[in-house]
>>> print(open('model-v1.json').read())   # JSON, C-alpha atoms
[["chain", "number", "residue", "atom", "x", "y", "z"],
["U", 1, "MET", "CA", 43.69, -6.10, 27.64],
["U", 2, "PRO", "CA", 40.94, -5.10, 25.26],
["U", 3, "SER", "CA", 37.42, -5.76, 26.41],
["U", 4, "SER", "CA", 35.40, -8.25, 24.36],
["U", 5, "GLU", "CA", 32.36, -6.00, 24.87],
["U", 6, "ARG", "CA", 33.61, -2.99, 22.95],
["U", 7, "ILE", "CA", 36.23, -1.91, 20.50],
["U", 8, "HIS", "CA", 39.73, -1.33, 21.84],
["U", 9, "ARG", "CA", 40.77, 2.31, 21.49],
["U", 10, "ILE", "CA", 44.36, 3.11, 20.52],
["U", 11, "ALA", "CA", 45.68, 6.66, 20.67],
["U", 12, "VAL", "CA", 48.76, 7.10, 18.49],
["U", 13, "LEU", "CA", 50.69, 10.09, 19.80],
["U", 14, "ALA", "CA", 52.70, 12.06, 17.26],
["U", 15, "VAL", "CA", 55.48, 13.98, 19.02],
["U", 16, "PRO", "CA", 57.19, 16.25, 16.47],
["U", 17, "PRO", "CA", 59.32, 15.88, 14.56],
["U", 18, "VAL", "CA", 57.61, 12.59, 13.70],
["U", 19, "THR", "CA", 58.96, 9.71, 11.66],
["U", 20, "THR", "CA", 56.31, 9.22, 9.01],
["U", 21, "PHE", "CA", 57.01, 5.52, 8.49],
["U", 22, "ASP", "CA", 56.52, 4.81, 12.19],
["U", 23, "LEU", "CA", 53.38, 6.95, 12.24],
["U", 24, "SER", "CA", 51.80, 4.75, 9.58],
["U", 25, "ILE", "CA", 52.49, 1.40, 11.27],
["U", 26, "PRO", "CA", 49.67, 1.38, 13.87],
["U", 27, "GLU", "CA", 47.07, 2.30, 11.26],
["U", 28, "ILE", "CA", 48.31, -0.47, 8.93],
["U", 29, "VAL", "CA", 48.47, -3.22, 11.55],
["U", 30, "PHE", "CA", 45.66, -2.45, 13.98],
["U", 31, "GLY", "CA", 43.42, -1.16, 11.21],
["U", 32, "ALA", "CA", 43.56, -4.57, 9.51],
["U", 33, "ALA", "CA", 42.58, -6.58, 12.59],
["U", 34, "GLU", "CA", 38.99, -7.84, 12.58],
["U", 35, "LEU", "CA", 36.74, -9.84, 14.90],
["U", 36, "ASP", "CA", 33.59, -11.35, 13.43],
["U", 37, "GLY", "CA", 34.02, -9.09, 10.41],
["U", 38, "GLN", "CA", 34.18, -5.95, 12.54],
["U", 39, "PRO", "CA", 37.21, -3.76, 13.36],
["U", 40, "ALA", "CA", 39.01, -4.97, 16.47],
["U", 41, "TYR", "CA", 40.57, -1.55, 17.15],
["U", 42, "GLU", "CA", 39.77, 2.11, 16.79],
["U", 43, "VAL", "CA", 42.95, 4.03, 15.97],
["U", 44, "THR", "CA", 43.16, 7.77, 16.58],
["U", 45, "VAL", "CA", 46.27, 9.76, 15.71],
["U", 46, "CYS", "CA", 46.73, 12.75, 17.97],
["U", 47, "THR", "CA", 49.27, 15.40, 18.92],
["U", 48, "MET", "CA", 49.69, 18.28, 21.35],
["U", 49, "GLU", "CA", 48.47, 20.96, 18.97],
["U", 50, "PRO", "CA", 46.21, 19.61, 16.18],
["U", 51, "GLY", "CA", 47.10, 20.68, 12.68],
["U", 52, "PRO", "CA", 50.34, 20.49, 10.68],
["U", 53, "VAL", "CA", 53.04, 18.55, 12.53],
["U", 54, "ALA", "CA", 56.73, 18.74, 11.75],
["U", 55, "ALA", "CA", 58.08, 15.51, 10.27],
["U", 56, "THR", "CA", 61.42, 14.14, 9.26],
["U", 57, "GLY", "CA", 61.96, 14.17, 5.51],
["U", 58, "SER", "CA", 59.96, 16.04, 2.90],
["U", 59, "LEU", "CA", 56.43, 14.84, 3.71],
["U", 60, "GLN", "CA", 53.91, 17.06, 5.47],
["U", 61, "VAL", "CA", 51.70, 15.59, 8.18],
["U", 62, "VAL", "CA", 48.39, 16.98, 9.44],
["U", 63, "VAL", "CA", 47.03, 15.51, 12.69],
["U", 64, "PRO", "CA", 43.40, 16.45, 13.51],
["U", 65, "HIS", "CA", 43.15, 15.33, 17.15],
["U", 66, "GLY", "CA", 44.59, 16.68, 20.40],
["U", 67, "LEU", "CA", 45.75, 15.15, 23.68],
["U", 68, "GLU", "CA", 42.17, 14.52, 24.79],
["U", 69, "ALA", "CA", 42.37, 11.29, 22.76],
["U", 70, "LEU", "CA", 44.68, 9.88, 25.44],
["U", 71, "GLU", "CA", 42.00, 10.30, 28.11],
["U", 72, "ARG", "CA", 39.76, 7.58, 26.65],
["U", 73, "ALA", "CA", 42.43, 5.31, 25.20],
["U", 74, "ASP", "CA", 42.98, 1.69, 26.21],
["U", 75, "THR", "CA", 46.42, 1.80, 24.61],
["U", 76, "VAL", "CA", 48.66, 4.82, 24.02],
["U", 77, "MET", "CA", 51.46, 4.47, 21.48],
["U", 78, "VAL", "CA", 54.21, 7.05, 20.93],
["U", 79, "THR", "CA", 55.68, 6.73, 17.47],
["U", 80, "GLY", "CA", 59.22, 7.51, 16.35],
["U", 81, "SER", "CA", 60.19, 11.05, 17.15],
["U", 82, "GLY", "CA", 63.16, 13.35, 17.00],
["U", 83, "ALA", "CA", 62.16, 14.75, 20.42],
["U", 84, "ARG", "CA", 64.96, 13.01, 22.25],
["U", 85, "ALA", "CA", 65.92, 16.08, 24.25],
["U", 86, "GLU", "CA", 62.93, 17.76, 25.87],
["U", 87, "ALA", "CA", 59.38, 16.86, 24.94],
["U", 88, "ASP", "CA", 56.68, 19.32, 25.96],
["U", 89, "GLU", "CA", 55.61, 18.86, 29.58],
["U", 90, "ARG", "CA", 51.95, 18.78, 28.52],
["U", 91, "VAL", "CA", 52.68, 15.68, 26.46],
["U", 92, "LEU", "CA", 54.54, 14.03, 29.33],
["U", 93, "ALA", "CA", 51.75, 14.84, 31.79],
["U", 94, "ALA", "CA", 49.14, 13.35, 29.42],
["U", 95, "LEU", "CA", 51.20, 10.17, 29.12],
["U", 96, "ARG", "CA", 51.55, 9.84, 32.89],
["U", 97, "SER", "CA", 47.83, 10.41, 33.35],
["U", 98, "ALA", "CA", 46.95, 7.73, 30.77],
["U", 99, "ALA", "CA", 49.30, 5.25, 32.44],
["U", 100, "ASP", "CA", 47.86, 6.05, 35.87],
["U", 101, "LYS", "CA", 44.39, 5.29, 34.54],
["U", 102, "GLY", "CA", 45.54, 1.84, 33.45],
["U", 103, "ALA", "CA", 46.24, 2.33, 29.74],
["U", 104, "ARG", "CA", 48.74, 0.07, 28.07],
["U", 105, "VAL", "CA", 51.65, 2.23, 26.90],
["U", 106, "ALA", "CA", 53.95, 1.53, 23.98],
["U", 107, "SER", "CA", 56.57, 3.22, 21.83],
["U", 108, "LEU", "CA", 58.04, 2.69, 18.41],
["U", 109, "CYS", "CA", 61.70, 3.39, 17.73],
["U", 110, "ALA", "CA", 62.92, 6.63, 19.37],
["U", 111, "GLY", "CA", 59.49, 7.19, 20.92],
["U", 112, "ALA", "CA", 61.07, 5.39, 23.89],
["U", 113, "PHE", "CA", 62.87, 8.65, 24.73],
["U", 114, "VAL", "CA", 59.50, 10.33, 25.25],
["U", 115, "LEU", "CA", 58.31, 7.53, 27.55],
["U", 116, "ALA", "CA", 61.59, 7.78, 29.45],
["U", 117, "GLN", "CA", 61.18, 11.55, 29.88],
["U", 118, "ALA", "CA", 57.74, 10.88, 31.35],
["U", 119, "GLY", "CA", 59.31, 8.47, 33.84],
["U", 120, "LEU", "CA", 57.33, 5.52, 32.49],
["U", 121, "LEU", "CA", 60.42, 3.41, 31.79],
["U", 122, "ASP", "CA", 62.08, 3.84, 35.19],
["U", 123, "GLY", "CA", 63.05, 0.44, 36.56],
["U", 124, "ARG", "CA", 61.78, -1.31, 33.45],
["U", 125, "ARG", "CA", 63.40, -3.18, 30.58],
["U", 126, "ALA", "CA", 63.13, -1.31, 27.29],
["U", 127, "THR", "CA", 64.59, -1.02, 23.83],
["U", 128, "THR", "CA", 64.84, 1.53, 21.03],
["U", 129, "TYR", "CA", 66.50, 2.01, 17.67],
["U", 130, "TRP", "CA", 69.92, 0.38, 18.06],
["U", 131, "VAL", "CA", 71.79, 3.53, 16.99],
["U", 132, "GLN", "CA", 70.21, 5.40, 19.93],
["U", 133, "ALA", "CA", 70.27, 2.59, 22.52],
["U", 134, "GLY", "CA", 73.50, 3.81, 24.13],
["U", 135, "ALA", "CA", 72.17, 7.36, 24.39],
["U", 136, "LEU", "CA", 68.94, 6.15, 26.00],
["U", 137, "GLY", "CA", 70.81, 4.17, 28.65],
["U", 138, "HIS", "CA", 73.28, 6.98, 29.31],
["U", 139, "ARG", "CA", 70.66, 9.68, 29.70],
["U", 140, "PHE", "CA", 68.18, 7.56, 31.64],
["U", 141, "PRO", "CA", 70.21, 5.20, 33.86],
["U", 142, "ALA", "CA", 67.03, 3.97, 35.59],
["U", 143, "VAL", "CA", 66.00, 2.32, 32.30],
["U", 144, "ARG", "CA", 67.35, -1.18, 31.67],
["U", 145, "VAL", "CA", 68.07, -0.94, 27.95],
["U", 146, "GLN", "CA", 68.49, -4.21, 26.09],
["U", 147, "PRO", "CA", 68.98, -5.12, 22.44],
["U", 148, "ALA", "CA", 65.76, -6.68, 21.13],
["U", 149, "LEU", "CA", 63.17, -6.27, 18.41],
["U", 150, "PHE", "CA", 60.69, -5.36, 21.11],
["U", 151, "VAL", "CA", 60.42, -5.60, 24.88],
["U", 152, "GLU", "CA", 57.31, -6.10, 27.00],
["U", 153, "ASP", "CA", 57.65, -5.19, 30.68],
["U", 154, "GLY", "CA", 54.24, -5.29, 32.30],
["U", 155, "PRO", "CA", 51.89, -2.79, 30.66],
["U", 156, "VAL", "CA", 54.76, -0.95, 28.93],
["U", 157, "LEU", "CA", 56.11, -2.07, 25.54],
["U", 158, "THR", "CA", 58.91, -0.64, 23.44],
["U", 159, "SER", "CA", 60.32, -1.55, 20.04],
["U", 160, "ALA", "CA", 63.47, -1.06, 18.04],
["U", 161, "GLY", "CA", 63.46, 0.83, 14.76],
["U", 162, "LEU", "CA", 61.45, 0.60, 11.55],
["U", 163, "THR", "CA", 60.08, -2.90, 10.87],
["U", 164, "ALA", "CA", 60.49, -3.89, 14.54],
["U", 165, "GLY", "CA", 57.53, -1.59, 15.12],
["U", 166, "ILE", "CA", 55.44, -3.89, 12.92],
["U", 167, "ASP", "CA", 56.64, -6.85, 15.00],
["U", 168, "LEU", "CA", 55.55, -5.09, 18.18],
["U", 169, "CYS", "CA", 52.10, -4.22, 16.84],
["U", 170, "LEU", "CA", 51.57, -7.79, 15.62],
["U", 171, "HIS", "CA", 52.65, -9.04, 19.05],
["U", 172, "MET", "CA", 50.04, -6.80, 20.66],
["U", 173, "VAL", "CA", 47.33, -8.09, 18.32],
["U", 174, "ARG", "CA", 48.45, -11.65, 19.05],
["U", 175, "SER", "CA", 48.34, -11.02, 22.81],
["U", 176, "ASP", "CA", 44.90, -9.43, 22.57],
["U", 177, "HIS", "CA", 43.17, -11.75, 20.11],
["U", 178, "GLY", "CA", 45.37, -14.76, 19.39],
["U", 179, "ALA", "CA", 47.63, -16.02, 16.64],
["U", 180, "ALA", "CA", 44.98, -16.50, 13.94],
["U", 181, "VAL", "CA", 43.92, -12.85, 14.01],
["U", 182, "ALA", "CA", 47.54, -11.66, 14.08],
["U", 183, "ASN", "CA", 48.51, -14.00, 11.25],
["U", 184, "ALA", "CA", 45.59, -12.77, 9.14],
["U", 185, "VAL", "CA", 46.87, -9.21, 9.63],
["U", 186, "ALA", "CA", 50.41, -10.28, 8.74],
["U", 187, "ARG", "CA", 49.19, -11.88, 5.52],
["U", 188, "LEU", "CA", 47.39, -8.68, 4.53],
["U", 189, "ALA", "CA", 50.49, -6.62, 5.31],
["U", 190, "VAL", "CA", 52.76, -9.20, 3.61],
["U", 191, "VAL", "CA", 55.12, -9.39, 6.58],
["U", 192, "SER", "CA", 56.50, -12.15, 8.75],
["U", 193, "ALA", "CA", 53.82, -13.35, 11.14],
["U", 194, "ALA", "CA", 56.06, -14.08, 14.12],
["U", 195, "ARG", "CA", 59.50, -12.75, 14.89],
["U", 196, "ASP", "CA", 60.54, -13.37, 18.47],
["U", 197, "GLY", "CA", 60.80, -10.08, 20.34],
["U", 198, "GLY", "CA", 63.75, -11.35, 22.32],
["U", 199, "GLN", "CA", 66.03, -11.65, 19.32],
["U", 200, "ALA", "CA", 68.52, -8.92, 18.67],
["U", 201, "PRO", "CA", 67.52, -6.28, 16.13],
["U", 202, "ASP", "CA", 68.85, -6.60, 12.63],
["U", 203, "LEU", "CA", 72.12, -4.70, 12.63],
["U", 204, "PRO", "CA", 73.91, -3.95, 9.37],
["U", 205, "ALA", "CA", 74.46, -7.39, 7.85],
["U", 206, "PRO", "CA", 74.57, -9.08, 4.45],
["U", 207, "VAL", "CA", 71.20, -9.23, 2.73],
["U", 208, "ALA", "CA", 69.93, -12.14, 0.70],
["U", 209, "ALA", "CA", 72.01, -12.50, -2.41],
["U", 210, "ALA", "CA", 70.54, -11.80, -5.82],
["U", 211, "ASP", "CA", 72.10, -14.95, -7.29],
["U", 212, "GLY", "CA", 69.45, -17.35, -6.03],
["U", 213, "THR", "CA", 71.19, -18.23, -2.76],
["U", 214, "SER", "CA", 68.39, -16.92, -0.51],
["U", 215, "LEU", "CA", 67.07, -19.43, 2.02],
["U", 216, "ALA", "CA", 63.44, -18.40, 1.43],
["U", 217, "ALA", "CA", 62.71, -21.63, -0.44],
["U", 218, "THR", "CA", 64.18, -23.70, 2.38],
["U", 219, "ARG", "CA", 62.14, -21.83, 4.98],
["U", 220, "ALA", "CA", 58.97, -22.44, 2.95],
["U", 221, "TRP", "CA", 59.92, -26.12, 2.57],
["U", 222, "ALA", "CA", 60.42, -26.44, 6.33],
["U", 223, "GLN", "CA", 57.11, -24.72, 7.13],
["U", 224, "GLY", "CA", 55.34, -27.43, 5.16],
["U", 225, "ARG", "CA", 57.10, -30.14, 7.17],
["U", 226, "LEU", "CA", 56.88, -28.92, 10.74],
["U", 227, "HIS", "CA", 55.55, -32.34, 11.77],
["U", 228, "GLU", "CA", 58.78, -33.97, 10.67],
["U", 229, "PRO", "CA", 61.94, -34.22, 12.85],
["U", 230, "LEU", "CA", 63.79, -31.55, 10.90],
["U", 231, "THR", "CA", 67.49, -31.26, 11.67],
["U", 232, "LEU", "CA", 70.19, -28.78, 10.75],
["U", 233, "ALA", "CA", 71.58, -31.39, 8.36],
["U", 234, "ALA", "CA", 68.20, -31.76, 6.64],
["U", 235, "LEU", "CA", 67.78, -27.99, 6.26],
["U", 236, "ALA", "CA", 71.33, -27.62, 4.96],
["U", 237, "ALA", "CA", 70.82, -30.46, 2.49],
["U", 238, "HIS", "CA", 67.68, -28.83, 1.09],
["U", 239, "ALA", "CA", 69.50, -25.51, 0.75],
["U", 240, "GLY", "CA", 72.50, -27.23, -0.84],
["U", 241, "VAL", "CA", 74.96, -25.74, 1.64],
["U", 242, "SER", "CA", 76.98, -26.83, 4.63],
["U", 243, "VAL", "CA", 75.54, -26.57, 8.14],
["U", 244, "ARG", "CA", 78.01, -23.76, 8.89],
["U", 245, "THR", "CA", 76.91, -21.80, 5.84],
["U", 246, "LEU", "CA", 73.27, -22.46, 6.69],
["U", 247, "ASN", "CA", 73.72, -20.97, 10.16],
["U", 248, "ARG", "CA", 75.52, -17.91, 8.79],
["U", 249, "ARG", "CA", 72.99, -17.21, 6.05],
["U", 250, "PHE", "CA", 70.01, -17.86, 8.32],
["U", 251, "LEU", "CA", 71.27, -15.34, 10.86],
["U", 252, "ALA", "CA", 71.81, -12.76, 8.11],
["U", 253, "GLU", "CA", 68.38, -13.26, 6.50],
["U", 254, "ALA", "CA", 66.08, -14.15, 9.40],
["U", 255, "GLY", "CA", 67.92, -12.58, 12.32],
["U", 256, "THR", "CA", 67.99, -15.82, 14.29],
["U", 257, "THR", "CA", 69.37, -19.36, 14.16],
["U", 258, "PRO", "CA", 67.66, -22.09, 12.11],
["U", 259, "LEU", "CA", 66.58, -24.07, 15.17],
["U", 260, "GLN", "CA", 65.20, -21.02, 16.99],
["U", 261, "TRP", "CA", 63.32, -20.03, 13.84],
["U", 262, "LEU", "CA", 61.95, -23.57, 13.53],
["U", 263, "LEU", "CA", 60.80, -23.53, 17.16],
["U", 264, "ALA", "CA", 59.01, -20.20, 16.63],
["U", 265, "GLN", "CA", 57.20, -21.58, 13.56],
["U", 266, "ARG", "CA", 56.09, -24.67, 15.48],
["U", 267, "VAL", "CA", 54.77, -22.63, 18.37],
["U", 268, "GLU", "CA", 52.90, -20.36, 15.95],
["U", 269, "ARG", "CA", 51.34, -23.33, 14.14],
["U", 270, "ALA", "CA", 50.34, -24.90, 17.47],
["U", 271, "ARG", "CA", 48.67, -21.65, 18.51],
["U", 272, "GLU", "CA", 46.61, -21.55, 15.32],
["U", 273, "LEU", "CA", 45.52, -25.17, 15.74],
["U", 274, "LEU", "CA", 44.57, -24.61, 19.39],
["U", 275, "GLU", "CA", 42.45, -21.63, 18.33],
["U", 276, "SER", "CA", 40.82, -22.96, 15.19],
["U", 277, "THR", "CA", 40.32, -26.68, 15.83],
["U", 278, "ASP", "CA", 39.15, -29.00, 18.59],
["U", 279, "HIS", "CA", 42.01, -31.44, 17.97],
["U", 280, "PRO", "CA", 43.34, -33.02, 21.18],
["U", 281, "VAL", "CA", 46.62, -31.61, 22.45],
["U", 282, "ASP", "CA", 48.55, -34.81, 21.73],
["U", 283, "LEU", "CA", 47.51, -34.63, 18.05],
["U", 284, "ILE", "CA", 48.52, -30.95, 17.82],
["U", 285, "ALA", "CA", 51.86, -31.78, 19.44],
["U", 286, "ASP", "CA", 52.42, -34.47, 16.81],
["U", 287, "ARG", "CA", 51.37, -32.31, 13.86],
["U", 288, "THR", "CA", 53.61, -29.43, 14.90],
["U", 289, "GLY", "CA", 56.74, -31.47, 15.52],
["U", 290, "PHE", "CA", 56.81, -31.25, 19.30],
["U", 291, "GLY", "CA", 56.17, -34.95, 19.58],
["U", 292, "THR", "CA", 54.60, -35.03, 23.04],
["U", 293, "PRO", "CA", 52.03, -32.90, 24.90],
["U", 294, "ASP", "CA", 54.64, -32.23, 27.60],
["U", 295, "SER", "CA", 57.04, -30.77, 25.04],
["U", 296, "LEU", "CA", 54.32, -28.58, 23.54],
["U", 297, "ARG", "CA", 53.22, -27.45, 27.00],
["U", 298, "ARG", "CA", 56.78, -26.55, 28.03],
["U", 299, "HIS", "CA", 57.51, -24.49, 24.91],
["U", 300, "LEU", "CA", 54.12, -22.75, 24.90],
["U", 301, "LEU", "CA", 54.57, -21.81, 28.56],
["U", 302, "GLN", "CA", 58.04, -20.50, 27.83],
["U", 303, "ARG", "CA", 57.04, -18.38, 24.85],
["U", 304, "VAL", "CA", 53.43, -17.43, 25.55],
["U", 305, "GLY", "CA", 53.08, -17.87, 29.30],
["U", 306, "MET", "CA", 50.06, -20.20, 29.02],
["U", 307, "THR", "CA", 49.42, -23.92, 28.90],
["U", 308, "PRO", "CA", 47.69, -25.34, 25.80],
["U", 309, "ARG", "CA", 44.44, -25.70, 27.75],
["U", 310, "ALA", "CA", 44.57, -22.12, 29.05],
["U", 311, "TYR", "CA", 45.49, -20.78, 25.61],
["U", 312, "ARG", "CA", 42.61, -22.61, 23.97],
["U", 313, "ALA", "CA", 40.16, -21.41, 26.62],
["U", 314, "ARG", "CA", 41.18, -17.81, 26.01],
["U", 315, "PHE", "CA", 41.50, -17.75, 22.23],
["U", 316, "ALA", "CA", 39.16, -20.48, 20.95],
["U", 317, "LEU", "CA", 37.62, -19.09, 17.77],
["U", 318, "THR", "CA", 34.09, -20.50, 18.17],
["U", 319, "GLY", "CA", 31.98, -18.12, 16.09],
["U", 320, "ARG", "CA", 35.04, -16.52, 14.49],
["U", 321, "ALA", "CA", 36.23, -19.75, 12.88],
["U", 322, "ALA", "CA", 33.64, -19.61, 10.11],
["U", 323, "ARG", "CA", 35.09, -16.48, 8.58],
["U", 324, "ARG", "CA", 38.73, -17.61, 8.61],
["U", 325, "PRO", "CA", 40.46, -20.27, 6.55],
["U", 326, "ALA", "CA", 41.27, -23.38, 8.55],
["U", 327, "ALA", "CA", 44.81, -23.60, 9.89],
["U", 328, "ARG", "CA", 47.12, -25.54, 7.61],
["U", 329, "THR", "CA", 47.85, -29.06, 8.73],
["U", 330, "PRO", "CA", 50.30, -31.52, 7.29]]
>>> encode(input="model-v1.json", output="structure tokens")
Amino acid sequence: MPSSERIHRIAVLAVPPVTTFDLSIPEIVFGAAELDGQPAYEVTVCTMEPGPVAATGSLQVVVPHGLEALERADTVMVTGSGARAEADERVLAALRSAADKGARVASLCAGAFVLAQAGLLDGRRATTYWVQAGALGHRFPAVRVQPALFVEDGPVLTSAGLTAGIDLCLHMVRSDHGAAVANAVARLAVVSAARDGGQAPDLPAPVAAADGTSLAATRAWAQGRLHEPLTLAALAAHAGVSVRTLNRRFLAEAGTTPLQWLLAQRVERARELLESTDHPVDLIADRTGFGTPDSLRRHLLQRVGMTPRAYRARFALTGRAARRPAARTP
């Protein structure tokens, strides 16, 4: 975990050929995170041999820093790479050394293959881009590959492809500094603040229709009524569809069921209120639709691993609250 006494250093390791989209994600997400108006992270992009780095596509990438950046990093992140066969042993040795020193280690997309080559995924749960998941499990049988947006197994985190990398980085910010900081970053990046890492990655599926049948308006309507006992029938009625159609469209657009999405939104709202207010837990449970403190406690433990009291003690905003808008309440 990042120390509250100094900035958290993240070394983003570019293993050629790099995926330029993945390479940009850590800078976008971690670079936008602030504490008391100051950067929460220091992001350094590095590679084995500083200078021009081969990339997929037509863009050219120049990386100024070498592997020494891993030696002082609190977190090391390997971005998407085409090096699924044999990464350079110097890179693998630097990754092992960083992990041995206690650094948190993460990968985006096919960067999981590099972590697997270094032996850092042996005996652990992990994920990668769904097209390559079978190859990862076949080549590295000691890795327990599972379909998910991202997987956290101790100090090692892996994500699926493309936008799942954003989900992973937001999850890391949320784990380090709480929901309010992560949600502020998500608003700046104009992305969803909380997608559950355990859900399956978005495989080829119908996208929202261009004829006005998207459920975005219904999701926004529900977010403004989290304190109400929302049911599938109520959501379907607002969307003007049957419950069966609601379930099908929700899965296609949001990658999860309506009720699981609703639960995630309620947990996220409860986290913000625990951080940014001194409301008693029973009031927060009521305003987020959980009804009782026991229900809130059970769901927060299940999804975050902390009780409301422990979460508030860790992430209470105190001096930070003044610079953030108050959490929305019904």
>>> closest_residue(input="model-v1.json", among="U:Val143, U:Leu149, U:Ala118, U:Leu170", to="Ala33 in chain U", atoms="all atoms listed in the file")
U:Leu170
>>> closest_residue(input="model-v1.json", among="U:Thr245, U:Ser58, U:Thr79, U:Gln260", to="Cys46 in chain U", atoms="all atoms listed in the file")
U:Thr79
>>> atom_distance(input="model-v1.json", atom1="CA of Glu275 in chain U", atom2="CA of Val181 in chain U")
9.9 Å
>>> residues_near_point(input="model-v1.json", point="(52.6, -21.5, 28.1)", cutoff="12 Å", atoms="all atoms listed in the file", output="VMD selection string")
chain U and resid 267 270 to 271 293 to 312
>>> atom_distance(input="model-v1.json", atom1="CA of Thr47 in chain U", atom2="CA of Leu67 in chain U")
5.9 Å
>>> residues_around(input="model-v1.json", residues="range 34-45 of chain U", least_positions_apart="6", cutoff="6 Å", atoms="only C-alpha atoms", output="ChimeraX atom specification")
/U:7-12,320
>>> residues_around(input="model-v1.json", residues="Glu49 in chain U", least_positions_apart="4", cutoff="12 Å", atoms="only C-alpha atoms", output="PDB file with C-alpha atoms, in the coordinates of the input")
ATOM      1  CA  LEU U  13      50.690  10.090  19.800  1.00  0.00           C
ATOM      2  CA  ALA U  14      52.700  12.060  17.260  1.00  0.00           C
ATOM      3  CA  VAL U  15      55.480  13.980  19.020  1.00  0.00           C
ATOM      4  CA  PRO U  16      57.190  16.250  16.470  1.00  0.00           C
ATOM      5  CA  VAL U  45      46.270   9.760  15.710  1.00  0.00           C
ATOM      6  CA  VAL U  53      53.040  18.550  12.530  1.00  0.00           C
ATOM      7  CA  ALA U  54      56.730  18.740  11.750  1.00  0.00           C
ATOM      8  CA  VAL U  62      48.390  16.980   9.440  1.00  0.00           C
ATOM      9  CA  VAL U  63      47.030  15.510  12.690  1.00  0.00           C
ATOM     10  CA  PRO U  64      43.400  16.450  13.510  1.00  0.00           C
ATOM     11  CA  HIS U  65      43.150  15.330  17.150  1.00  0.00           C
ATOM     12  CA  GLY U  66      44.590  16.680  20.400  1.00  0.00           C
ATOM     13  CA  LEU U  67      45.750  15.150  23.680  1.00  0.00           C
ATOM     14  CA  GLU U  68      42.170  14.520  24.790  1.00  0.00           C
ATOM     15  CA  ASP U  88      56.680  19.320  25.960  1.00  0.00           C
ATOM     16  CA  ARG U  90      51.950  18.780  28.520  1.00  0.00           C
ATOM     17  CA  VAL U  91      52.680  15.680  26.460  1.00  0.00           C
TER      18      VAL U  91
END
>>> atom_distance(input="model-v1.json", atom1="CA of Ala216 in chain U", atom2="CA of Ser175 in chain U")
27.2 Å
>>> residues_around(input="model-v1.json", residues="Ser97 in chain U", least_positions_apart="4", cutoff="8 Å", atoms="only C-alpha atoms", output="list in words")
Glu71, Ala93 and Lys101 of chain U
>>> residues_around(input="model-v1.json", residues="Phe113 in chain U", least_positions_apart="5", cutoff="8 Å", atoms="all atoms listed in the file", output="MDAnalysis selection string")
chainID U and resid 83:84 136
>>> decode(input="model-v1.json", residues="range 29-38 of chain U", atoms="N, CA, C and O atoms", output="CSV table (one decimal), in the first residue's frame")
chain,number,residue,atom,x,y,z
U,29,VAL,N,-4.9,7.4,-15.6
U,29,VAL,CA,-5.6,7.2,-14.4
U,29,VAL,C,-4.8,7.7,-13.2
U,29,VAL,O,-5.3,8.5,-12.4
U,30,PHE,N,-3.6,7.1,-13.0
U,30,PHE,CA,-2.8,7.5,-11.8
U,30,PHE,C,-2.4,9.0,-11.8
U,30,PHE,O,-2.3,9.6,-10.8
U,31,GLY,N,-2.2,9.5,-13.0
U,31,GLY,CA,-1.8,10.9,-13.1
U,31,GLY,C,-2.9,11.9,-12.7
U,31,GLY,O,-2.6,13.0,-12.4
U,32,ALA,N,-4.1,11.4,-12.7
U,32,ALA,CA,-5.2,12.3,-12.4
U,32,ALA,C,-5.6,12.2,-10.9
U,32,ALA,O,-6.4,13.0,-10.4
U,33,ALA,N,-5.0,11.3,-10.2
U,33,ALA,CA,-5.3,11.1,-8.7
U,33,ALA,C,-4.6,12.1,-7.9
U,33,ALA,O,-3.4,12.3,-8.0
U,34,GLU,N,-5.4,12.8,-7.0
U,34,GLU,CA,-4.8,13.8,-6.2
U,34,GLU,C,-5.2,13.6,-4.7
U,34,GLU,O,-6.3,13.1,-4.4
U,35,LEU,N,-4.3,14.0,-3.8
U,35,LEU,CA,-4.6,14.1,-2.4
U,35,LEU,C,-4.2,15.5,-1.9
U,35,LEU,O,-3.1,15.9,-2.1
U,36,ASP,N,-5.2,16.2,-1.3
U,36,ASP,CA,-4.9,17.5,-0.8
U,36,ASP,C,-4.3,18.4,-1.9
U,36,ASP,O,-3.5,19.2,-1.7
U,37,GLY,N,-4.8,18.2,-3.2
U,37,GLY,CA,-4.4,19.0,-4.3
U,37,GLY,C,-3.0,18.7,-4.8
U,37,GLY,O,-2.5,19.3,-5.7
U,38,GLN,N,-2.4,17.6,-4.3
U,38,GLN,CA,-1.1,17.2,-4.8
U,38,GLN,C,-1.2,15.8,-5.4
U,38,GLN,O,-2.1,15.0,-5.1
